[in-house]
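Source file: model07.cif; contents: mmCIF, C-alpha atoms.
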```
data_target
#
loop_
_atom_site.label_atom_id
_atom_site.label_comp_id
_atom_site.auth_asym_id
_atom_site.auth_seq_id
_atom_site.Cartn_x
_atom_site.Cartn_y
_atom_site.Cartn_z
CA MET S 1 79.68 98.96 109.87
CA ASN S 2 82.01 96.13 108.88
CA ALA S 3 84.46 97.02 111.65
CA TRP S 4 81.84 96.41 114.35
CA ILE S 5 80.86 93.01 112.95
CA VAL S 6 84.50 91.95 112.62
CA ILE S 7 85.31 92.94 116.19
CA VAL S 8 82.25 91.21 117.62
CA ALA S 9 82.96 88.03 115.59
CA ALA S 10 86.64 87.96 116.57
CA GLY S 11 85.62 88.51 120.20
CA LEU S 12 83.03 85.76 120.10
CA GLY S 13 85.48 83.32 118.50
CA SER S 14 88.13 84.16 121.11
CA TYR S 15 85.61 83.59 123.91
CA LEU S 16 84.69 80.19 122.45
CA PHE S 17 88.42 79.29 122.42
CA ARG S 18 88.64 80.23 126.09
CA LEU S 19 85.57 78.18 126.98
CA SER S 20 86.32 75.22 124.71
CA MET S 21 88.43 72.94 126.88
CA ILE S 22 86.79 74.06 130.11
CA MET S 23 83.43 72.89 128.83
CA LEU S 24 84.82 69.79 127.06
CA ALA S 25 87.13 68.90 129.93
CA GLY S 26 88.47 65.37 129.64
CA ARG S 27 86.60 64.53 126.45
CA VAL S 28 89.13 65.83 123.92
CA THR S 29 92.85 66.51 123.97
CA THR S 30 94.69 69.23 122.08
CA PRO S 31 96.87 67.89 119.23
CA ALA S 32 100.62 68.09 119.83
CA TYR S 33 101.43 69.94 116.61
CA LEU S 34 99.06 72.77 117.61
CA GLU S 35 100.86 73.08 120.94
CA ARG S 36 104.20 73.32 119.13
CA ALA S 37 102.79 75.90 116.70
CA ALA S 38 101.46 78.06 119.55
CA VAL S 39 105.01 78.94 120.58
CA PHE S 40 105.61 80.74 117.28
CA VAL S 41 102.35 82.65 117.00
CA ALA S 42 103.40 85.66 119.07
CA PRO S 43 106.81 86.28 117.43
CA ALA S 44 105.33 85.72 113.95
CA ALA S 45 102.38 88.05 114.60
CA PHE S 46 104.59 90.75 116.14
CA ALA S 47 107.06 90.66 113.24
CA ALA S 48 104.32 90.66 110.58
CA LEU S 49 102.39 93.54 112.17
CA ALA S 50 105.51 95.62 112.78
CA ALA S 51 106.90 95.10 109.26
CA ALA S 52 103.59 95.84 107.56
CA GLY S 53 102.94 98.87 109.80
CA ILE S 54 106.34 100.45 109.18
CA ALA S 55 106.27 99.74 105.44
CA THR S 56 102.77 101.17 104.99
CA ALA S 57 103.71 104.30 106.94
CA CYS S 58 106.86 104.74 104.85
CA MET S 59 104.85 104.60 101.63
CA HIS S 60 102.52 107.33 102.91
CA LEU S 61 105.42 109.58 103.87
CA GLY S 62 107.11 109.80 100.47
CA ALA S 63 110.69 109.08 99.42
CA THR S 64 112.73 111.46 101.56
CA GLN S 65 110.62 111.45 104.74
CA ALA S 66 110.47 107.64 104.64
CA ALA S 67 114.05 107.55 105.91
CA ALA S 68 112.84 108.80 109.31
CA PRO S 69 110.90 105.68 110.38
CA LEU S 70 113.65 103.46 109.00
CA ALA S 71 116.19 105.30 111.17
CA ALA S 72 113.83 104.98 114.13
CA VAL S 73 113.52 101.22 113.59
CA ALA S 74 117.30 100.81 113.36
CA VAL S 75 117.82 102.79 116.57
CA ALA S 76 115.03 100.86 118.29
CA VAL S 77 116.54 97.47 117.42
CA ILE S 78 120.00 98.54 118.58
CA ALA S 79 118.58 100.02 121.79
CA VAL S 80 116.72 96.81 122.68
CA LEU S 81 119.78 94.66 121.90
CA ARG S 82 122.05 96.87 124.03
CA THR S 83 119.73 97.39 127.01
CA GLY S 84 117.83 94.10 126.93
CA SER S 85 114.66 96.08 127.67
CA SER S 86 111.65 95.98 125.36
CA TYR S 87 110.71 99.53 126.36
CA ALA S 88 113.91 100.85 124.84
CA ALA S 89 112.34 100.46 121.39
CA ILE S 90 109.82 103.22 122.09
CA VAL S 91 112.02 105.32 124.39
CA ALA S 92 114.82 105.48 121.77
CA GLY S 93 112.87 104.97 118.55
CA LEU S 94 110.20 107.65 118.88
CA PRO S 95 112.57 110.59 119.59
CA THR S 96 114.76 109.38 116.71
CA LEU S 97 111.70 109.55 114.48
CA TRP S 98 110.84 113.10 115.62
CA ILE S 99 114.40 114.38 115.11
CA THR S 100 115.02 112.77 111.72
CA ALA S 101 111.57 113.78 110.47
CA ALA S 102 112.30 117.40 111.46
CA LEU S 103 115.72 117.37 109.77
CA LEU S 104 114.66 115.75 106.51
CA PRO S 105 113.17 117.92 103.74
CA SER S 106 109.50 117.15 103.30
CA MET Z 1 82.43 75.83 145.89
CA VAL Z 2 83.41 79.34 144.93
CA SER Z 3 83.13 81.60 147.94
CA LEU Z 4 84.73 84.94 147.27
CA SER Z 5 83.50 87.00 150.21
CA ALA Z 6 85.36 84.77 152.67
CA ASN Z 7 88.56 85.30 150.73
CA ARG Z 8 88.98 89.08 150.50
CA SER Z 9 92.61 88.98 151.54
CA VAL Z 10 93.32 86.31 148.89
CA LEU Z 11 91.57 88.43 146.25
CA ALA Z 12 93.92 91.27 147.20
CA ALA Z 13 96.92 88.93 147.08
CA GLY Z 14 95.97 87.89 143.55
CA ALA Z 15 95.71 91.54 142.53
CA ARG Z 16 99.15 92.20 144.03
CA ALA Z 17 100.58 89.26 142.06
CA MET Z 18 99.25 90.92 138.89
CA MET Z 19 101.06 94.23 139.60
CA PRO Z 20 104.39 93.33 137.92
CA TRP Z 21 102.52 92.36 134.75
CA LEU Z 22 100.93 95.79 134.56
CA ALA Z 23 104.31 97.32 133.71
CA GLY Z 24 104.12 95.60 130.35
CA ILE Z 25 100.37 95.73 129.92
CA VAL Z 26 99.81 99.45 130.37
CA PRO Z 27 102.21 100.54 127.56
CA PHE Z 28 100.70 97.91 125.24
CA GLY Z 29 97.19 99.12 126.08
CA LEU Z 30 98.22 102.74 125.47
CA ALA Z 31 99.75 101.75 122.11
CA ILE Z 32 96.54 99.96 121.11
CA GLY Z 33 94.56 103.04 122.15
CA PHE Z 34 96.80 105.29 120.03
CA SER Z 35 96.38 103.04 117.00
CA ALA Z 36 92.62 102.88 117.54
CA ALA Z 37 92.50 106.70 117.53
CA GLN Z 38 94.62 106.96 114.35
CA ALA Z 39 92.95 104.09 112.48
CA ASP Z 40 90.24 104.55 109.89
CA ILE Z 41 87.58 102.94 112.11
CA PRO Z 42 85.36 104.46 114.81
CA THR Z 43 87.53 104.96 117.91
CA LEU Z 44 84.83 103.34 120.04
CA ALA Z 45 85.02 100.21 117.88
CA GLY Z 46 88.78 100.15 118.44
CA TRP Z 47 88.32 100.50 122.20
CA LEU Z 48 85.67 97.75 122.18
CA THR Z 49 88.34 95.28 121.03
CA GLY Z 50 89.41 95.50 124.69
CA PRO Z 51 86.32 94.04 126.38
CA LEU Z 52 85.34 91.90 123.37
CA ILE Z 53 88.62 90.32 122.25
CA PHE Z 54 90.66 90.97 125.44
CA ALA Z 55 93.95 89.83 123.90
CA GLY Z 56 96.52 92.45 122.92
CA SER Z 57 98.13 91.09 119.78
CA ALA Z 58 94.82 89.96 118.28
CA GLN Z 59 93.44 93.44 119.03
CA ALA Z 60 96.46 95.09 117.41
CA ALA Z 61 96.07 92.88 114.34
CA ALA Z 62 92.33 93.52 114.08
CA ILE Z 63 92.73 97.31 114.34
CA GLY Z 64 95.72 97.41 111.96
CA MET Z 65 94.08 95.24 109.34
CA LEU Z 66 90.71 97.01 109.53
CA ASP Z 67 92.59 100.31 109.09
CA ALA Z 68 94.31 98.90 106.01
CA GLY Z 69 90.96 97.90 104.55
CA ALA Z 70 91.31 94.13 104.87
CA ALA Z 71 88.37 91.87 104.07
CA PRO Z 72 86.30 91.04 107.19
CA ALA Z 73 86.88 87.27 106.95
CA VAL Z 74 90.65 87.81 106.72
CA VAL Z 75 90.71 90.02 109.83
CA ILE Z 76 88.65 87.53 111.82
CA ALA Z 77 90.86 84.63 110.66
CA ALA Z 78 94.05 86.47 111.63
CA ALA Z 79 92.71 87.38 115.08
CA LEU Z 80 91.62 83.80 115.72
CA ILE Z 81 94.96 82.33 114.53
CA ILE Z 82 96.70 84.59 117.03
CA ASN Z 83 94.31 83.50 119.78
CA ILE Z 84 94.56 79.74 119.22
CA ARG Z 85 96.76 79.58 122.29
CA LEU Z 86 93.68 80.34 124.39
CA ILE Z 87 92.56 76.75 123.73
CA PHE Z 88 95.67 75.52 125.55
CA TYR Z 89 95.12 77.86 128.46
CA SER Z 90 91.54 76.62 128.56
CA ALA Z 91 92.77 73.02 128.62
CA ALA Z 92 95.21 73.79 131.42
CA MET Z 93 92.56 75.47 133.61
CA ALA Z 94 89.84 72.90 132.94
CA ARG Z 95 91.00 70.56 135.69
CA TYR Z 96 90.83 73.32 138.32
CA TRP Z 97 87.39 74.52 137.26
CA ARG Z 98 85.78 71.13 136.69
CA SER Z 99 83.46 71.17 139.72
CA THR Z 100 82.74 74.91 139.74
CA PRO Z 101 79.30 76.40 138.97
CA TRP Z 102 78.60 77.32 135.35
CA TRP Z 103 78.56 81.08 136.06
CA TRP Z 104 82.06 80.86 137.46
CA ARG Z 105 83.32 79.04 134.39
CA LEU Z 106 81.73 81.62 132.06
CA VAL Z 107 83.33 84.54 133.96
CA ALA Z 108 86.68 82.88 134.63
CA ALA Z 109 87.02 81.79 130.99
CA TYR Z 110 86.23 85.32 129.77
CA LEU Z 111 89.12 86.69 131.85
CA LEU Z 112 91.60 84.03 130.66
CA ILE Z 113 94.65 85.52 128.92
CA ASP Z 114 98.43 85.24 129.31
CA PRO Z 115 98.91 87.26 132.55
CA SER Z 116 95.79 85.93 134.31
CA PHE Z 117 96.77 82.40 133.24
CA ALA Z 118 100.23 82.81 134.75
CA VAL Z 119 98.98 84.36 138.00
CA GLY Z 120 96.18 81.77 138.19
CA LEU Z 121 98.45 78.75 137.67
CA ASP Z 122 100.71 80.07 140.40
CA GLY Z 123 97.73 80.29 142.77
CA TYR Z 124 96.36 76.85 141.95
CA GLY Z 125 99.82 75.42 142.54
CA ARG Z 126 100.15 76.89 146.03
CA LEU Z 127 96.68 77.39 147.52
CA ASP Z 128 93.68 75.20 148.22
CA ARG Z 129 91.10 75.23 145.42
CA ASP Z 130 88.70 77.70 147.01
CA ARG Z 131 91.33 80.30 147.84
CA ALA Z 132 92.98 79.82 144.44
CA HIS Z 133 89.71 80.80 142.72
CA ALA Z 134 89.73 84.08 144.66
CA TYR Z 135 93.43 84.58 143.86
CA TYR Z 136 92.78 84.10 140.13
CA LEU Z 137 89.79 86.44 140.17
CA GLY Z 138 91.69 89.14 142.09
CA GLY Z 139 94.50 89.14 139.55
CA ALA Z 140 92.27 88.83 136.49
CA ALA Z 141 89.90 91.62 137.61
CA LEU Z 142 92.77 94.05 138.15
CA LEU Z 143 94.15 93.09 134.74
CA TRP Z 144 90.77 93.68 133.06
CA VAL Z 145 90.26 97.11 134.60
CA SER Z 146 93.85 98.22 133.87
CA TRP Z 147 93.71 96.97 130.29
CA LEU Z 148 90.48 98.80 129.43
CA ALA Z 149 91.66 101.95 131.19
CA ALA Z 150 94.98 101.94 129.33
CA ILE Z 151 93.30 101.52 125.93
CA GLY Z 152 90.80 104.25 126.81
CA ALA Z 153 93.58 106.62 127.89
CA GLY Z 154 95.54 105.90 124.71
CA ALA Z 155 92.51 106.41 122.48
CA THR Z 156 91.65 109.70 124.23
CA ALA Z 157 95.21 111.03 124.11
CA GLY Z 158 95.72 109.78 120.56
CA ALA Z 159 92.80 111.87 119.33
CA VAL Z 160 94.09 115.18 120.76
CA LEU Z 161 97.90 114.91 120.56
CA PRO Z 162 99.60 116.67 117.59
CA ALA Z 163 100.42 114.80 114.36
CA TRP Z 164 104.18 115.44 114.57
CA LEU Z 165 104.34 113.00 117.51
CA HIS Z 166 103.67 110.23 114.94
CA LEU Z 167 101.77 108.10 117.45
CA GLU Z 168 100.99 105.66 114.65
CA PHE Z 169 104.57 104.41 115.12
CA VAL Z 170 104.14 103.59 118.81
CA MET Z 171 102.52 100.24 118.01
CA PRO Z 172 105.15 99.01 115.49
CA LEU Z 173 107.96 100.16 117.81
CA PHE Z 174 106.33 98.39 120.75
CA LEU Z 175 106.08 95.17 118.71
CA ILE Z 176 109.73 95.50 117.62
CA GLY Z 177 110.70 95.83 121.28
CA GLU Z 178 108.85 92.61 122.08
CA ALA Z 179 110.21 90.69 119.08
CA VAL Z 180 113.91 91.63 119.23
CA PRO Z 181 114.73 89.72 122.47
CA LYS Z 182 113.28 86.57 120.86
CA LEU Z 183 115.92 86.74 118.11
CA ALA Z 184 118.29 84.98 120.51
CA ARG Z 185 116.38 81.70 120.04
CA PRO Z 186 117.08 80.21 116.57
CA ALA Z 187 113.63 78.77 115.85
CA GLN Z 188 111.94 81.98 117.01
CA ARG Z 189 114.38 83.97 114.89
CA ARG Z 190 113.34 81.99 111.81
CA ALA Z 191 109.69 82.63 112.61
CA ILE Z 192 110.33 86.36 113.01
CA PHE Z 193 112.35 86.80 109.80
CA ALA Z 194 109.97 84.68 107.73
CA ALA Z 195 106.93 86.58 109.00
CA ALA Z 196 108.53 89.98 108.42
CA ALA Z 197 109.73 89.02 104.92
CA VAL Z 198 106.34 87.68 103.82
CA ALA Z 199 104.59 90.72 105.31
CA LEU Z 200 106.78 93.02 103.18
CA LEU Z 201 106.52 90.90 100.01
CA ALA Z 202 102.75 90.55 100.34
CA LEU Z 203 102.16 94.20 101.19
CA SER Z 204 99.96 94.72 98.14
CA ALA Z 205 98.25 91.33 98.31
CA PRO Z 206 94.52 91.47 97.63
CA LEU Z 207 92.14 91.76 100.60
CA GLN Z 208 95.16 92.64 102.79
CA LEU Z 209 95.81 88.91 103.06
CA GLY Z 210 99.48 89.74 103.61
CA ILE Z 211 99.46 89.87 107.42
CA ALA Z 212 97.52 86.62 107.78
CA LEU Z 213 99.85 84.95 105.25
CA ALA Z 214 102.90 86.33 107.03
CA ILE Z 215 101.78 84.99 110.43
CA ALA Z 216 101.15 81.58 108.88
CA ALA Z 217 104.56 81.64 107.15
CA GLY Z 218 106.26 82.56 110.44
CA ILE Z 219 104.58 79.68 112.28
CA VAL Z 220 105.56 77.21 109.55
CA ALA Z 221 109.15 78.50 109.50
CA GLY Z 222 109.35 78.08 113.27
CA LEU Z 223 107.86 74.60 113.20
CA THR Z 224 110.27 73.40 110.52
CA ALA Z 225 113.29 74.69 112.42
CA ARG Z 226 115.21 72.56 114.89
CA PRO Z 227 113.30 73.02 118.16
CA ASP Z 228 114.71 75.55 120.62
CA ALA Z 229 115.99 73.91 123.79
CA PRO Z 230 113.65 73.46 126.62
CA ALA Z 231 110.33 73.93 124.89
CA ARG Z 232 107.91 75.87 127.04
CA ILE Z 233 104.71 74.70 125.52
CA ALA Z 234 101.32 76.27 126.10
CA ARG Z 235 102.64 78.44 128.89
CA PRO Z 236 103.04 82.18 128.74
CA VAL Z 237 106.57 83.47 128.78
CA ARG Z 238 107.39 84.17 132.39
CA ARG Z 239 108.85 87.61 131.87
CA PRO Z 240 106.15 89.95 133.18
CA THR Z 241 106.89 92.66 130.62
CA GLU Z 242 105.75 90.35 127.80
CA ALA Z 243 102.18 90.90 128.58
CA CYS Z 244 98.72 90.29 127.33
CA ARG Z 245 99.52 89.11 123.89
#
```

Would you encode the structure as structure tokens?
Amino acid sequence: MNAWIVIVAAGLGSYLFRLSMIMLAGRVTTPAYLERAAVFVAPAAFAALAAAGIATACMHLGATQAAAPLAAVAVAVIAVLRTGSSYAAIVAGLPTLWITAALLPS
Amino acid sequence: MVSLSANRSVLAAGARAMMPWLAGIVPFGLAIGFSAAQADIPTLAGWLTGPLIFAGSAQAAAIGMLDAGAAPAVVIAAALIINIRLIFYSAAMARYWRSTPWWWRLVAAYLLIDPSFAVGLDGYGRLDRDRAHAYYLGGAALLWVSWLAAIGAGATAGAVLPAWLHLEFVMPLFLIGEAVPKLARPAQRRAIFAAAAVALLALSAPLQLGIALAIAAGIVAGLTARPDAPARIARPVRRPTEACR
């Protein structure tokens, strides 16, 4: 029940953001510090969601199996740095996860 | 005036301009679909983030935080913090849509998100106003259909594929892939490390406040750093693979 309300409210708020300046055109200006902050929202959100997602999954897996996602993350980071492609994280990371998870004792 | 029927070929040109963005959007949509299928919320509710929120990273945050059992107000706040940039896109488009009918503004604003903003700005820079409207709509409509289809495909596949595939890791790995190239810019690097550190430290924070706190900490860390050279403010990153955040 809560999930539906949250999604509708977040959607409605996002729509109001989209409409805001179009409907207020010329009457207000966006503050400069908000424009500077906007640059950091995506990297901060991506890092926070990825770190929390991996850590939560590791805790569910238990001590030995938790090494598998950590290995996958390490391989993913190296793969992106070496290839320069964002896709490399999934292409290299997911198979690493499958292999290490199969090798580790559960 | 917004006359779309007279501008079919421009509609198609806008859709073609959106094509390169789809390479980044479709994997992100699939990843969101997978996480919606794995999350502890109705899969339909997860899919509905597509048409309702229509912004990838806010959708990912909403699904992830709802799955973790975060308090409703915290989830809504986090999604809206992530989407604040839409106000800047709105401000940038306002001058082009000033004399358009209200129905056009309602529809065009609904479709406004990083890729449609980029394709749209390009059109308004090159074409006369009337044709640029059609160009924007062509690109944005293709984006909308592709986005919802990708999430739907991911949610459907995520529900039937075996557990050993660990599809719950597709989303974090996708986000890592998007974040790592940003490490090259010092202020962005600070934002990334601060956000990740706070997310880990605040993992057991009450109400799952951790992710919202971590995003705020990352933004503050970035703002207090020395600014990265040429600031590209309120514009989406040009690289088409960085899509639909």

Who sits within 7 Å of Ala91 of chain Z, all atoms listed in the file, same chain under 3 positions skipped, as a list of chain:residue names:
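The residues that qualify are S:Met21, S:Ile22, Z:Ile87, Z:Phe88, Z:Ala94.
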
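Applied to the file shown here, the PyMOL selection byres ((chain S and resi 72) around 8) selects the residues Ala68, Pro69, Leu70, Ala71, Val73, Ala74, Val75, Ala76, Ala92, Gly93, Leu94, Pro95, Thr96 and Leu97 of chain S.
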
Written as a ChimeraX atom specification, what is the full residue list that the PyMOL selection byres ((chain S and resi 17) around 8) yields on the file shown?
/S:13-16,18-21 /Z:83-84,86-87,90

Atom-to-atom span, atom CA of Val6 of chain S and atom CA of Ile63 of chain Z, Å:
10.0 Å

One-decimal distance in Å that lies between atom CA of Phe34 of chain Z and atom CA of Phe193 of chain Z:
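Atom CA of Phe34 of chain Z lies at a distance of 26.2 Å from atom CA of Phe193 of chain Z.
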
So, with all atoms listed in the file as the atoms that count, which of Z:Ala157, Z:Pro72, Z:Pro206, Z:Tyr89 lies closest to Ala9 of chain S?
Z:Pro72

Pull out every residue of chain Z sitting within 7 Å of chain S, counting all atoms listed in the file, and send them as a PyMOL selection string.
chain Z and resi 41+45+49+52-53+61+66+72+76+79-80+82-87+90-91+93-94+109-110+112+165+170+172-181+188+191-192+195-196+199-200+203+211+214-215+218-219+222-223+233-234

Just to confirm, what's the straight-line distance from atom CA of Ala55 of chain Z to atom CA of Gly123 of chain Z in Å (one decimal)?
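Atom CA of Gly123 of chain Z lies at a distance of 21.5 Å from atom CA of Ala55 of chain Z.
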
Enclose all atoms of segment 51-61 of chain Z listed in the file in an axis-aligned box, grow every side by 6 Å, and hand back centre and edge lengths in Å to one decimal, as lines of an AutoDock Vina configuration file.
```
center_x = 91.7
center_y = 92.5
center_z = 120.4
size_x = 24.8
size_y = 17.3
size_z = 24.0
```

I'd like to see the residues matched by the PyMOL selection byres ((chain Z and resi 12) around 12) on this file, and ideally I'd get them as an mmCIF file with C-alpha atoms, in the frame of the given file.
```
data_model
loop_
_atom_site.group_PDB
_atom_site.id
_atom_site.type_symbol
_atom_site.label_atom_id
_atom_site.label_comp_id
_atom_site.auth_asym_id
_atom_site.auth_seq_id
_atom_site.Cartn_x
_atom_site.Cartn_y
_atom_site.Cartn_z
ATOM 1 C CA LEU Z 4 84.730 84.940 147.270
ATOM 2 C CA SER Z 5 83.500 87.000 150.210
ATOM 3 C CA ASN Z 7 88.560 85.300 150.730
ATOM 4 C CA ARG Z 8 88.980 89.080 150.500
ATOM 5 C CA SER Z 9 92.610 88.980 151.540
ATOM 6 C CA VAL Z 10 93.320 86.310 148.890
ATOM 7 C CA LEU Z 11 91.570 88.430 146.250
ATOM 8 C CA ALA Z 13 96.920 88.930 147.080
ATOM 9 C CA GLY Z 14 95.970 87.890 143.550
ATOM 10 C CA ALA Z 15 95.710 91.540 142.530
ATOM 11 C CA ARG Z 16 99.150 92.200 144.030
ATOM 12 C CA ALA Z 17 100.580 89.260 142.060
ATOM 13 C CA MET Z 18 99.250 90.920 138.890
ATOM 14 C CA MET Z 19 101.060 94.230 139.600
ATOM 15 C CA ARG Z 131 91.330 80.300 147.840
ATOM 16 C CA ALA Z 132 92.980 79.820 144.440
ATOM 17 C CA ALA Z 134 89.730 84.080 144.660
ATOM 18 C CA TYR Z 135 93.430 84.580 143.860
ATOM 19 C CA TYR Z 136 92.780 84.100 140.130
ATOM 20 C CA LEU Z 137 89.790 86.440 140.170
ATOM 21 C CA GLY Z 138 91.690 89.140 142.090
ATOM 22 C CA GLY Z 139 94.500 89.140 139.550
ATOM 23 C CA ALA Z 140 92.270 88.830 136.490
ATOM 24 C CA ALA Z 141 89.900 91.620 137.610
ATOM 25 C CA LEU Z 142 92.770 94.050 138.150
#
```

Determine, counting only C-alpha atoms, which protein, DNA and RNA residues have an atom within 9 Å of an atom of Tyr96 of chain Z; residues of the same chain fewer than 2 positions away are not included. Present the result as number ranges by chain.
Z: 92-94, 98-100, 124, 129, 133

Taking only C-alpha atoms into account, name the residue in Z:Gly33, Z:Ala212, Z:Glu168, Z:Ser57 that is nearest to His60 of chain S.
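When distances to His60 of chain S are compared using only C-alpha atoms, the smallest one comes from Z:Glu168.
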